[in-house]
$ cat work.tsv   # TSV, C-alpha atoms
chain	number	residue	atom	x	y	z
A	11	MET	CA	-6.95	61.81	15.66
A	12	GLU	CA	-10.17	61.27	13.76
A	13	TYR	CA	-11.69	63.77	11.32
A	14	THR	CA	-15.17	64.61	10.15
A	15	ASN	CA	-16.81	66.86	7.60
A	16	LEU	CA	-17.90	70.14	9.12
A	17	GLY	CA	-21.66	70.14	8.71
A	18	ARG	CA	-22.56	69.58	5.04
A	19	THR	CA	-19.25	70.97	3.78
A	20	GLY	CA	-16.30	69.14	2.29
A	21	LEU	CA	-14.04	70.68	4.96
A	22	LYS	CA	-12.37	68.10	7.20
A	23	VAL	CA	-11.91	69.06	10.85
A	24	SER	CA	-10.56	67.16	13.82
A	25	LYS	CA	-13.17	65.68	16.15
A	26	LEU	CA	-11.77	67.82	18.94
A	27	CYS	CA	-11.65	71.60	18.55
A	28	LEU	CA	-9.00	73.58	20.43
A	29	GLY	CA	-10.68	76.41	22.31
A	30	THR	CA	-8.44	79.40	23.02
A	31	MET	CA	-10.59	81.44	25.41
A	32	ASN	CA	-8.06	81.07	28.24
A	33	PHE	CA	-5.05	82.26	26.21
A	34	GLY	CA	-3.77	85.53	27.64
A	35	VAL	CA	-6.12	85.29	30.62
A	36	ASP	CA	-5.42	82.09	32.57
A	37	THR	CA	-2.75	80.81	30.18
A	38	GLU	CA	0.42	82.78	29.49
A	39	GLU	CA	1.55	83.25	25.90
A	40	LYS	CA	4.50	80.85	26.17
A	41	GLU	CA	2.26	78.06	27.46
A	42	ALA	CA	-0.37	78.88	24.80
A	43	PHE	CA	2.30	78.42	22.11
A	44	LYS	CA	3.19	74.99	23.56
A	45	ILE	CA	-0.48	73.99	23.65
A	46	MET	CA	-1.07	74.99	20.03
A	47	ASP	CA	2.06	73.19	18.87
A	48	ALA	CA	1.06	70.07	20.80
A	49	ALA	CA	-2.46	70.26	19.38
A	50	LEU	CA	-1.11	70.25	15.83
A	51	ASP	CA	1.25	67.39	16.68
A	52	ALA	CA	-1.76	65.42	17.99
A	53	GLY	CA	-3.67	66.01	14.76
A	54	ILE	CA	-6.03	68.75	16.01
A	55	ASN	CA	-6.45	71.11	13.07
A	56	TYR	CA	-9.58	72.99	14.23
A	57	PHE	CA	-8.91	76.07	16.39
A	58	ASP	CA	-11.64	78.34	17.77
A	59	THR	CA	-11.27	81.89	19.04
A	60	ALA	CA	-13.23	85.19	19.19
A	61	ASN	CA	-12.46	88.88	18.97
A	62	ILE	CA	-13.76	89.38	22.52
A	63	TYR	CA	-11.31	86.89	24.10
A	64	GLY	CA	-8.89	88.59	26.43
A	65	TRP	CA	-11.96	90.35	27.82
A	66	GLY	CA	-12.61	93.95	28.82
A	67	ASP	CA	-9.82	96.33	27.91
A	68	ASN	CA	-7.78	93.33	26.73
A	69	ALA	CA	-10.34	92.18	24.15
A	70	GLY	CA	-8.46	90.94	21.11
A	71	LEU	CA	-5.47	89.71	23.12
A	72	THR	CA	-6.14	86.06	22.35
A	73	GLU	CA	-6.26	86.73	18.61
A	74	LYS	CA	-2.93	88.58	18.91
A	75	ILE	CA	-1.35	85.59	20.67
A	76	ILE	CA	-2.53	83.27	17.89
A	77	GLY	CA	-1.19	85.73	15.30
A	78	ARG	CA	2.23	85.79	16.95
A	79	TRP	CA	2.18	81.98	17.01
A	80	PHE	CA	1.41	81.93	13.27
A	81	GLU	CA	4.35	84.30	12.72
A	82	GLN	CA	6.75	81.61	13.89
A	83	GLY	CA	6.24	79.90	10.54
A	84	GLY	CA	6.54	76.18	10.07
A	85	ASN	CA	3.28	76.22	8.07
A	86	ARG	CA	1.37	76.77	11.30
A	87	ARG	CA	-1.24	78.93	9.61
A	88	GLU	CA	-1.64	76.56	6.68
A	89	LYS	CA	-2.29	73.61	9.01
A	90	VAL	CA	-5.08	75.29	10.97
A	91	VAL	CA	-8.80	75.53	10.24
A	92	LEU	CA	-9.43	78.78	12.07
A	93	ALA	CA	-12.70	80.16	13.41
A	94	THR	CA	-13.25	83.56	15.02
A	95	LYS	CA	-16.37	85.51	15.91
A	96	VAL	CA	-18.17	88.83	15.73
A	97	TYR	CA	-21.03	90.39	17.73
A	98	GLU	CA	-19.78	91.63	21.09
A	99	LYS	CA	-18.78	95.11	22.17
A	100	ILE	CA	-14.99	95.28	22.33
A	101	ASN	CA	-14.46	98.87	23.54
A	102	ASN	CA	-13.17	100.31	20.27
A	103	PRO	CA	-13.48	104.11	20.54
A	104	LEU	CA	-13.17	104.47	16.75
A	105	ASP	CA	-16.49	102.68	16.32
A	106	GLY	CA	-18.37	105.01	18.66
A	107	PRO	CA	-22.04	103.98	18.96
A	108	ASN	CA	-21.44	101.23	16.39
A	109	ASP	CA	-19.35	99.32	18.93
A	110	GLU	CA	-22.50	98.11	20.65
A	111	PRO	CA	-23.27	94.36	20.37
A	112	GLY	CA	-24.82	93.44	17.05
A	113	LEU	CA	-24.41	92.18	13.50
A	114	SER	CA	-24.67	95.23	11.27
A	115	ALA	CA	-22.87	95.06	7.93
A	116	TYR	CA	-20.65	97.84	9.25
A	117	LYS	CA	-19.68	95.84	12.30
A	118	ILE	CA	-19.12	92.58	10.41
A	119	ARG	CA	-16.77	94.33	7.95
A	120	ARG	CA	-14.87	96.39	10.52
A	121	HIS	CA	-14.49	93.63	13.08
A	122	LEU	CA	-13.40	91.10	10.47
A	123	GLU	CA	-10.69	93.50	9.29
A	124	ASP	CA	-9.55	94.01	12.90
A	125	SER	CA	-9.50	90.26	13.59
A	126	LEU	CA	-7.47	89.52	10.46
A	127	ARG	CA	-4.94	92.17	11.46
A	128	ARG	CA	-4.58	90.74	14.98
A	129	LEU	CA	-4.41	87.16	13.68
A	130	LYS	CA	-1.82	88.17	11.06
A	131	THR	CA	-3.65	86.37	8.29
A	132	ASP	CA	-5.60	87.40	5.20
A	133	HIS	CA	-8.54	85.06	5.81
A	134	VAL	CA	-10.31	82.82	8.30
A	135	GLU	CA	-11.90	79.55	7.33
A	136	ILE	CA	-14.98	80.14	9.51
A	137	TYR	CA	-16.42	83.51	10.56
A	138	MET	CA	-19.06	83.18	13.22
A	139	MET	CA	-21.89	85.20	14.71
A	140	HIS	CA	-21.30	85.02	18.46
A	141	HIS	CA	-24.98	85.61	19.23
A	142	ILE	CA	-28.26	86.22	17.48
A	143	ASP	CA	-29.15	89.84	16.67
A	144	ARG	CA	-32.94	90.13	16.73
A	145	ASN	CA	-32.88	93.76	15.56
A	146	ILE	CA	-31.43	93.27	12.10
A	147	THR	CA	-32.59	91.74	8.83
A	148	TRP	CA	-31.05	88.63	7.32
A	149	ASP	CA	-30.66	90.49	4.04
A	150	GLU	CA	-28.15	92.83	5.68
A	151	VAL	CA	-26.34	90.02	7.51
A	152	TRP	CA	-26.03	87.71	4.52
A	153	GLN	CA	-24.96	90.49	2.18
A	154	ALA	CA	-22.09	91.36	4.54
A	155	PHE	CA	-20.97	87.74	4.74
A	156	GLU	CA	-21.34	87.28	0.98
A	157	ASN	CA	-19.07	90.27	0.39
A	158	ALA	CA	-16.43	88.87	2.76
A	159	ASN	CA	-16.69	85.47	1.07
A	160	HIS	CA	-16.35	86.94	-2.42
A	161	GLN	CA	-13.27	88.88	-1.26
A	162	GLY	CA	-11.67	85.64	-0.06
A	163	LYS	CA	-11.59	86.76	3.57
A	164	ILE	CA	-13.85	83.96	4.82
A	165	ASP	CA	-14.72	80.50	3.53
A	166	TYR	CA	-17.72	79.60	5.69
A	167	VAL	CA	-20.18	81.19	8.10
A	168	GLY	CA	-21.18	79.80	11.48
A	169	SER	CA	-23.40	80.77	14.38
A	170	SER	CA	-23.22	80.47	18.14
A	171	ASN	CA	-25.95	80.52	20.77
A	172	PHE	CA	-28.75	80.50	18.17
A	173	PRO	CA	-32.18	79.05	18.97
A	174	GLY	CA	-33.57	76.41	16.64
A	175	TRP	CA	-36.00	78.78	14.93
A	176	ALA	CA	-33.14	81.17	14.08
A	177	LEU	CA	-31.14	78.38	12.45
A	178	ALA	CA	-34.10	77.55	10.22
A	179	GLU	CA	-34.80	81.21	9.47
A	180	ALA	CA	-31.16	81.92	8.63
A	181	GLN	CA	-30.96	78.99	6.26
A	182	ALA	CA	-34.18	79.93	4.48
A	183	ALA	CA	-32.91	83.49	3.97
A	184	ALA	CA	-29.55	82.25	2.70
A	185	LYS	CA	-31.19	79.83	0.27
A	186	ALA	CA	-33.33	82.64	-1.14
A	187	ARG	CA	-30.09	84.47	-1.97
A	188	ASN	CA	-28.42	81.35	-3.41
A	189	PHE	CA	-25.88	81.53	-0.58
A	190	PHE	CA	-24.52	78.51	1.27
A	191	GLY	CA	-25.60	79.79	4.68
A	192	LEU	CA	-24.63	78.35	8.05
A	193	VAL	CA	-22.32	75.36	8.31
A	194	LEU	CA	-22.15	75.04	12.09
A	195	GLU	CA	-23.89	76.05	15.30
A	196	GLN	CA	-21.69	76.41	18.37
A	197	HIS	CA	-23.89	75.77	21.39
A	198	LYS	CA	-23.66	75.00	25.08
A	199	TYR	CA	-24.27	71.27	25.29
A	200	ASN	CA	-23.08	68.66	27.76
A	201	LEU	CA	-24.33	65.83	29.99
A	202	ASN	CA	-25.65	68.33	32.51
A	203	CYS	CA	-27.12	70.73	29.94
A	204	ARG	CA	-29.25	68.77	27.48
A	205	LEU	CA	-31.89	71.37	26.62
A	206	PRO	CA	-30.50	71.71	23.05
A	207	GLU	CA	-31.95	68.25	22.37
A	208	LEU	CA	-35.43	69.82	22.42
A	209	GLU	CA	-35.02	72.01	19.35
A	210	VAL	CA	-31.49	73.18	18.52
A	211	LEU	CA	-30.04	69.77	17.65
A	212	PRO	CA	-33.07	68.71	15.57
A	213	ALA	CA	-33.00	72.04	13.70
A	214	ALA	CA	-29.27	71.66	13.04
A	215	GLU	CA	-29.67	68.10	11.82
A	216	ARG	CA	-32.61	69.01	9.57
A	217	ASN	CA	-30.64	71.86	7.98
A	218	GLN	CA	-27.37	69.90	7.79
A	219	ILE	CA	-25.62	72.27	10.19
A	220	GLY	CA	-22.83	70.78	12.26
A	221	VAL	CA	-22.98	71.16	16.04
A	222	VAL	CA	-19.87	72.23	17.95
A	223	PRO	CA	-20.53	72.07	21.72
A	224	TRP	CA	-18.95	74.61	24.01
A	225	SER	CA	-18.55	73.99	27.74
A	226	PRO	CA	-18.50	70.21	27.22
A	227	LEU	CA	-17.45	69.76	30.87
A	228	ASP	CA	-20.05	72.29	32.10
A	229	GLY	CA	-17.49	74.70	33.46
A	230	GLY	CA	-15.47	71.90	35.08
A	231	LEU	CA	-18.42	70.25	36.81
A	232	LEU	CA	-17.91	67.08	34.76
A	233	GLY	CA	-14.12	67.21	34.87
A	234	GLY	CA	-13.58	65.00	37.88
A	235	ASN	CA	-12.48	67.54	40.50
A	236	ALA	CA	-15.76	69.28	41.28
A	237	LEU	CA	-16.12	67.42	44.61
A	238	ASN	CA	-12.40	67.21	45.40
A	239	PRO	CA	-11.76	69.69	48.26
A	240	ASP	CA	-8.09	69.95	47.28
A	241	ARG	CA	-8.68	70.68	43.59
A	242	GLN	CA	-12.19	72.04	43.22
A	243	SER	CA	-12.83	75.50	41.85
A	244	ARG	CA	-12.01	78.50	44.00
A	245	SER	CA	-15.26	80.08	42.81
A	246	SER	CA	-17.97	79.91	45.46
A	247	LYS	CA	-20.58	79.72	42.70
A	248	ASN	CA	-18.93	76.63	41.21
A	249	ARG	CA	-18.59	75.00	44.63
A	250	GLU	CA	-22.29	75.58	45.27
A	251	ARG	CA	-23.14	74.04	41.88
A	252	ALA	CA	-21.07	70.99	42.72
A	253	GLU	CA	-22.90	70.55	46.02
A	254	ARG	CA	-26.28	70.82	44.29
A	255	HIS	CA	-25.26	68.06	41.91
A	256	ARG	CA	-23.35	65.97	44.45
A	257	GLU	CA	-25.50	62.86	44.12
A	258	GLN	CA	-25.29	62.87	40.32
A	259	LEU	CA	-21.56	63.56	40.34
A	260	GLU	CA	-20.88	60.75	42.77
A	261	GLN	CA	-22.84	58.32	40.59
A	262	TYR	CA	-21.03	59.64	37.53
A	263	SER	CA	-17.63	59.22	39.15
A	264	ALA	CA	-18.49	55.65	40.17
A	265	LEU	CA	-19.57	54.78	36.61
A	266	CYS	CA	-16.38	56.23	35.14
A	267	LYS	CA	-14.27	54.23	37.58
A	268	GLU	CA	-16.26	51.12	36.69
A	269	ILE	CA	-15.40	51.45	32.99
A	270	GLY	CA	-11.86	52.64	33.70
A	271	GLU	CA	-12.07	56.09	32.15
A	272	ARG	CA	-11.60	59.64	33.44
A	273	GLU	CA	-14.71	61.75	33.98
A	274	ASP	CA	-13.63	64.38	31.46
A	275	THR	CA	-12.94	61.68	28.88
A	276	VAL	CA	-16.40	60.19	29.29
A	277	ALA	CA	-18.09	63.60	29.04
A	278	LEU	CA	-16.34	64.28	25.73
A	279	ALA	CA	-16.88	60.75	24.42
A	280	TRP	CA	-20.60	61.04	25.20
A	281	LEU	CA	-20.85	64.12	22.99
A	282	LEU	CA	-18.90	62.42	20.21
A	283	SER	CA	-21.33	59.49	20.30
A	284	ASN	CA	-23.98	61.83	18.86
A	285	PRO	CA	-23.78	61.89	15.04
A	286	VAL	CA	-25.01	65.50	14.94
A	287	VAL	CA	-21.94	66.63	16.90
A	288	ASN	CA	-18.85	67.50	14.88
A	289	ALA	CA	-16.31	68.43	17.55
A	290	PRO	CA	-16.56	69.50	21.20
A	291	ILE	CA	-14.46	72.54	22.08
A	292	ILE	CA	-11.75	71.73	24.61
A	293	GLY	CA	-10.95	75.04	26.31
A	294	VAL	CA	-7.74	73.90	27.96
A	295	ARG	CA	-5.56	76.03	30.22
A	296	THR	CA	-2.52	73.75	30.34
A	297	LEU	CA	-0.63	71.26	28.20
A	298	ASP	CA	-1.61	68.44	30.58
A	299	GLN	CA	-5.30	69.22	30.07
A	300	LEU	CA	-4.83	69.02	26.31
A	301	GLU	CA	-3.07	65.67	26.53
A	302	ASN	CA	-5.78	64.27	28.83
A	303	SER	CA	-8.48	65.31	26.35
A	304	LEU	CA	-7.04	63.34	23.44
A	305	ARG	CA	-8.20	60.00	24.84
A	306	ALA	CA	-11.87	60.95	24.23
A	307	VAL	CA	-11.62	60.33	20.48
A	308	GLU	CA	-10.54	56.74	21.08
A	309	VAL	CA	-13.31	55.86	23.56
A	310	LYS	CA	-16.49	54.31	22.19
A	311	LEU	CA	-19.12	54.11	24.92
A	312	GLU	CA	-21.19	50.94	25.01
A	313	ASP	CA	-24.99	51.11	24.87
A	314	ASP	CA	-25.35	50.11	28.53
A	315	VAL	CA	-23.00	52.93	29.56
A	316	LEU	CA	-24.96	55.44	27.46
A	317	ALA	CA	-28.18	54.21	29.10
A	318	LYS	CA	-26.66	54.63	32.55
A	319	LEU	CA	-25.54	58.16	31.69
A	320	ASP	CA	-29.13	58.92	30.66
A	321	GLU	CA	-30.26	57.76	34.10
A	322	ILE	CA	-27.70	59.92	35.91
A	323	PHE	CA	-28.16	62.97	33.69
A	324	PRO	CA	-31.66	62.64	32.20
A	325	GLY	CA	-32.32	64.70	29.11
A	326	PRO	CA	-35.57	66.46	28.26
A	327	GLY	CA	-37.00	63.21	26.93
A	328	GLY	CA	-37.10	63.97	23.23
A	329	GLN	CA	-37.84	66.75	20.77
A	330	ILE	CA	-40.43	69.50	20.75
A	331	PRO	CA	-43.45	69.03	20.57
A	332	GLU	CA	-43.59	65.31	21.42
A	333	VAL	CA	-41.84	65.84	24.73
A	334	TYR	CA	-44.82	67.76	26.07
A	335	ALA	CA	-47.65	67.45	23.56
A	336	TRP	CA	-48.30	63.69	23.72

$ encode --input "work.tsv" --output "structure tokens"
Amino acid sequence: MEYTNLGRTGLKVSKLCLGTMNFGVDTEEKEAFKIMDAALDAGINYFDTANIYGWGDNAGLTEKIIGRWFEQGGNRREKVVLATKVYEKINNPLDGPNDEPGLSAYKIRRHLEDSLRRLKTDHVEIYMMHHIDRNITWDEVWQAFENANHQGKIDYVGSSNFPGWALAEAQAAAKARNFFGLVLEQHKYNLNCRLPELEVLPAAERNQIGVVPWSPLDGGLLGGNALNPDRQSRSSKNRERAERHREQLEQYSALCKEIGEREDTVALAWLLSNPVVNAPIIGVRTLDQLENSLRAVEVKLEDDVLAKLDEIFPGPGGQIPEVYAW
């Protein structure tokens, strides 16, 4: 495994991040334990979760599974750089109207306490805003995170699904308070979704914020089975997406065969070829999927392969405003 500094911090994280969204939903607890153990054995030290995972009435289930895994001992907790998130509604009747999505100081404090209890730990290395809250001031947000940091409950703050302007605004507000601010932006970014190159990636790079891509395989579209009638998704929506992108996917598959690598490996390696990217999130459901993902760190794509990928999956053509202004 290779490691990198998370954003502008001194924190070292593995160049693959274990996503846990499927734990307790598509992946049973016993299998989740095996996956987490195997991830540690492979050198993956960066785990990502969220208080909403488990979904609906089961929100928080994934954090509970991770907490029970930590309870097994063996320095599991000490070996993990752990990130969880706040923002969503998680159907907590005790919060009443304050359970609505948002980033109030009340919600940040209460939901952090709940996450720590479920995770059976006294701190998380990274506490993240799962979405931007346009109805709240940065003074309130940063004060809440500062308090949690001063109490030793969080080390760093991250964001997810933020536009470029919000990254810049957040950093300016943090700097005015002499606070470290954001260290990472978790964003949807993959070969088939390159819109972040317009503004989010440049804003992150300018502000020394690491980028952690979610959905690196675009919901399985880039995983190699999208056009396989025996193994493609049972979702009609995903099958329709695969048909819309058939020509691209066939070209992509041919290129991967030409260089002797799996489609999912190439998709991850392409992200890792970007110096702004810290670690794609691999949201595996099985131990086999985890093991297949490890190869991506070893693959270094040649310039001609990167150029061919640009032809198959063309990006927006540059940054704003050059891409449309001249």

$ atom_distance --input "work.tsv" --atom1 "CA of Ala93 (chain A)" --atom2 "CA of Ile136 (chain A)"
4.5 Å

$ residues_around --input "work.tsv" --residues "Lys185 (chain A)" --least-positions-apart "6" --cutoff "12 Å" --atoms "all atoms listed in the file" --output "list in words"
Trp148, Asp149, Trp152, Ala178, Glu179, Gly191, Leu192 and Asn217 of chain A

$ residues_around --input "work.tsv" --residues "Cys266 (chain A)" --least-positions-apart "3" --cutoff "10 Å" --atoms "only C-alpha atoms" --output "list of chain:residue names"
A:Gly234, A:Glu260, A:Gln261, A:Tyr262, A:Ser263, A:Ile269, A:Gly270, A:Glu271, A:Arg272, A:Glu273, A:Asp274, A:Thr275, A:Val276, A:Ala277, A:Val315, A:Leu319

$ closest_residue --input "work.tsv" --among "A:Thr37, A:Thr94, A:Gln329, A:Thr30" --to "Glu207 (chain A)" --atoms "all atoms listed in the file"
A:Gln329

$ atom_distance --input "work.tsv" --atom1 "CA of Val286 (chain A)" --atom2 "CA of Val221 (chain A)"
6.1 Å

$ atom_distance --input "work.tsv" --atom1 "CA of Phe43 (chain A)" --atom2 "CA of Trp79 (chain A)"
6.2 Å

$ closest_residue --input "work.tsv" --among "A:Phe323, A:Tyr13, A:Phe80, A:Trp224" --to "Met46 (chain A)" --atoms "all atoms listed in the file"
A:Phe80

$ residues_near_point --input "work.tsv" --point "(-4.1, 74.5, 28.2)" --cutoff "10 Å" --atoms "only C-alpha atoms" --output "list in words"
Leu28, Gly29, Thr30, Met31, Asn32, Phe33, Asp36, Thr37, Glu38, Glu41, Ala42, Phe43, Lys44, Ile45, Met46, Ala49, Ile292, Gly293, Val294, Arg295, Thr296, Leu297, Asp298, Gln299, Leu300 and Glu301 of chain A

$ residues_around --input "work.tsv" --residues "Gln82 (chain A)" --least-positions-apart "3" --cutoff "12 Å" --atoms "all atoms listed in the file" --output "list in words"
Phe43, Met46, Asp47, Ile75, Ile76, Gly77, Arg78, Trp79, Asn85, Arg86, Arg87 and Lys130 of chain A

$ residues_around --input "work.tsv" --residues "Asn284 (chain A)" --least-positions-apart "6" --cutoff "12 Å" --atoms "all atoms listed in the file" --output "list in words"
Lys25, Tyr199, Asn200, Leu201, Glu207, Leu211, Pro212, Glu215, Gly220, Val221, Val222, Pro223, Ala277, Leu278, Pro290, Lys310, Leu311 and Leu316 of chain A

$ residues_near_point --input "work.tsv" --point "(-7.2, 76.9, 14.7)" --cutoff "7 Å" --atoms "all atoms listed in the file" --output "ChimeraX atom specification"
/A:28,55-58,90-93

$ residues_around --input "work.tsv" --residues "region 101-115 of chain A" --least-positions-apart "4" --cutoff "6 Å" --atoms "all atoms listed in the file" --output "list in words"
Tyr97, Asp143 and Ala154 of chain A

$ closest_residue --input "work.tsv" --among "A:Val35, A:Asp124, A:Leu129, A:Met138" --to "Gly66 (chain A)" --atoms "all atoms listed in the file"
A:Val35

$ closest_residue --input "work.tsv" --among "A:Val287, A:Ala279, A:Leu227, A:Leu259" --to "Glu312 (chain A)" --atoms "all atoms listed in the file"
A:Ala279

$ closest_residue --input "work.tsv" --among "A:Pro206, A:His133, A:Ser303, A:Gly174" --to "Pro326 (chain A)" --atoms "only C-alpha atoms"
A:Pro206

$ decode --input "work.tsv" --residues "region 140-149 of chain A" --atoms "all heavy atoms" --output "mmCIF file, in the first residue's frame"
data_model
loop_
_atom_site.group_PDB
_atom_site.id
_atom_site.type_symbol
_atom_site.label_atom_id
_atom_site.label_comp_id
_atom_site.auth_asym_id
_atom_site.auth_seq_id
_atom_site.Cartn_x
_atom_site.Cartn_y
_atom_site.Cartn_z
ATOM 1 N N HIS A 140 -21.758 16.413 5.393
ATOM 2 C CA HIS A 140 -22.186 15.553 4.289
ATOM 3 C C HIS A 140 -22.734 16.344 3.107
ATOM 4 O O HIS A 140 -22.836 15.832 1.999
ATOM 5 C CB HIS A 140 -23.257 14.571 4.793
ATOM 6 C CG HIS A 140 -23.226 13.251 4.118
ATOM 7 N ND1 HIS A 140 -23.734 12.108 4.695
ATOM 8 C CD2 HIS A 140 -22.750 12.855 2.914
ATOM 9 C CE1 HIS A 140 -23.579 11.080 3.872
ATOM 10 N NE2 HIS A 140 -22.992 11.512 2.790
ATOM 11 N N HIS A 141 -23.092 17.585 3.349
ATOM 12 C CA HIS A 141 -23.639 18.442 2.292
ATOM 13 C C HIS A 141 -23.520 19.880 2.752
ATOM 14 O O HIS A 141 -23.380 20.156 3.941
ATOM 15 C CB HIS A 141 -25.105 18.080 2.024
ATOM 16 C CG HIS A 141 -25.626 18.541 0.699
ATOM 17 N ND1 HIS A 141 -25.954 19.842 0.444
ATOM 18 C CD2 HIS A 141 -25.869 17.869 -0.449
ATOM 19 C CE1 HIS A 141 -26.384 19.959 -0.799
ATOM 20 N NE2 HIS A 141 -26.339 18.769 -1.367
ATOM 21 N N ILE A 142 -23.583 20.793 1.813
ATOM 22 C CA ILE A 142 -23.563 22.210 2.145
ATOM 23 C C ILE A 142 -24.916 22.631 2.731
ATOM 24 O O ILE A 142 -25.969 22.165 2.289
ATOM 25 C CB ILE A 142 -23.233 23.062 0.901
ATOM 26 C CG1 ILE A 142 -23.130 24.545 1.278
ATOM 27 C CG2 ILE A 142 -24.218 22.841 -0.225
ATOM 28 C CD1 ILE A 142 -22.670 25.411 0.126
ATOM 29 N N ASP A 143 -24.886 23.485 3.741
ATOM 30 C CA ASP A 143 -26.099 24.075 4.308
ATOM 31 C C ASP A 143 -26.076 25.558 3.965
ATOM 32 O O ASP A 143 -25.339 26.340 4.563
ATOM 33 C CB ASP A 143 -26.130 23.867 5.827
ATOM 34 C CG ASP A 143 -27.436 24.339 6.451
ATOM 35 O OD1 ASP A 143 -28.210 25.045 5.755
ATOM 36 O OD2 ASP A 143 -27.690 24.013 7.625
ATOM 37 N N ARG A 144 -26.900 25.966 3.021
ATOM 38 C CA ARG A 144 -26.907 27.350 2.544
ATOM 39 C C ARG A 144 -27.644 28.300 3.481
ATOM 40 O O ARG A 144 -27.658 29.499 3.250
ATOM 41 C CB ARG A 144 -27.524 27.417 1.141
ATOM 42 C CG ARG A 144 -26.729 26.677 0.072
ATOM 43 C CD ARG A 144 -27.431 26.760 -1.280
ATOM 44 N NE ARG A 144 -26.634 26.181 -2.354
ATOM 45 C CZ ARG A 144 -26.640 24.896 -2.690
ATOM 46 N NH1 ARG A 144 -27.415 24.056 -2.023
ATOM 47 N NH2 ARG A 144 -25.896 24.443 -3.688
ATOM 48 N N ASN A 145 -28.266 27.760 4.535
ATOM 49 C CA ASN A 145 -29.098 28.580 5.415
ATOM 50 C C ASN A 145 -28.446 28.867 6.755
ATOM 51 O O ASN A 145 -29.130 29.236 7.713
ATOM 52 C CB ASN A 145 -30.441 27.871 5.637
ATOM 53 C CG ASN A 145 -31.187 27.633 4.345
ATOM 54 O OD1 ASN A 145 -31.340 28.543 3.531
ATOM 55 N ND2 ASN A 145 -31.645 26.405 4.140
ATOM 56 N N ILE A 146 -27.131 28.729 6.831
ATOM 57 C CA ILE A 146 -26.471 28.893 8.114
ATOM 58 C C ILE A 146 -25.167 29.668 7.906
ATOM 59 O O ILE A 146 -24.585 29.645 6.816
ATOM 60 C CB ILE A 146 -26.206 27.507 8.739
ATOM 61 C CG1 ILE A 146 -25.968 27.624 10.239
ATOM 62 C CG2 ILE A 146 -25.063 26.785 8.059
ATOM 63 C CD1 ILE A 146 -26.054 26.285 10.947
ATOM 64 N N THR A 147 -24.724 30.356 8.932
ATOM 65 C CA THR A 147 -23.499 31.146 8.801
ATOM 66 C C THR A 147 -22.284 30.279 9.106
ATOM 67 O O THR A 147 -22.341 29.333 9.910
ATOM 68 C CB THR A 147 -23.506 32.341 9.774
ATOM 69 O OG1 THR A 147 -23.424 31.846 11.125
ATOM 70 C CG2 THR A 147 -24.758 33.178 9.598
ATOM 71 N N TRP A 148 -21.151 30.654 8.498
ATOM 72 C CA TRP A 148 -19.916 29.930 8.773
ATOM 73 C C TRP A 148 -19.448 30.170 10.198
ATOM 74 O O TRP A 148 -18.768 29.328 10.790
ATOM 75 C CB TRP A 148 -18.835 30.314 7.767
ATOM 76 C CG TRP A 148 -18.978 29.567 6.490
ATOM 77 C CD1 TRP A 148 -19.318 30.053 5.270
ATOM 78 C CD2 TRP A 148 -18.811 28.156 6.315
ATOM 79 N NE1 TRP A 148 -19.381 29.036 4.336
ATOM 80 C CE2 TRP A 148 -19.064 27.865 4.963
ATOM 81 C CE3 TRP A 148 -18.462 27.115 7.173
ATOM 82 C CZ2 TRP A 148 -18.987 26.567 4.452
ATOM 83 C CZ3 TRP A 148 -18.392 25.820 6.668
ATOM 84 C CH2 TRP A 148 -18.646 25.563 5.317
ATOM 85 N N ASP A 149 -19.797 31.296 10.785
ATOM 86 C CA ASP A 149 -19.418 31.533 12.174
ATOM 87 C C ASP A 149 -19.998 30.446 13.087
ATOM 88 O O ASP A 149 -19.309 29.943 13.985
ATOM 89 C CB ASP A 149 -19.922 32.911 12.640
ATOM 90 C CG ASP A 149 -19.034 34.048 12.155
ATOM 91 O OD1 ASP A 149 -17.857 33.775 11.821
ATOM 92 O OD2 ASP A 149 -19.519 35.192 12.091
#
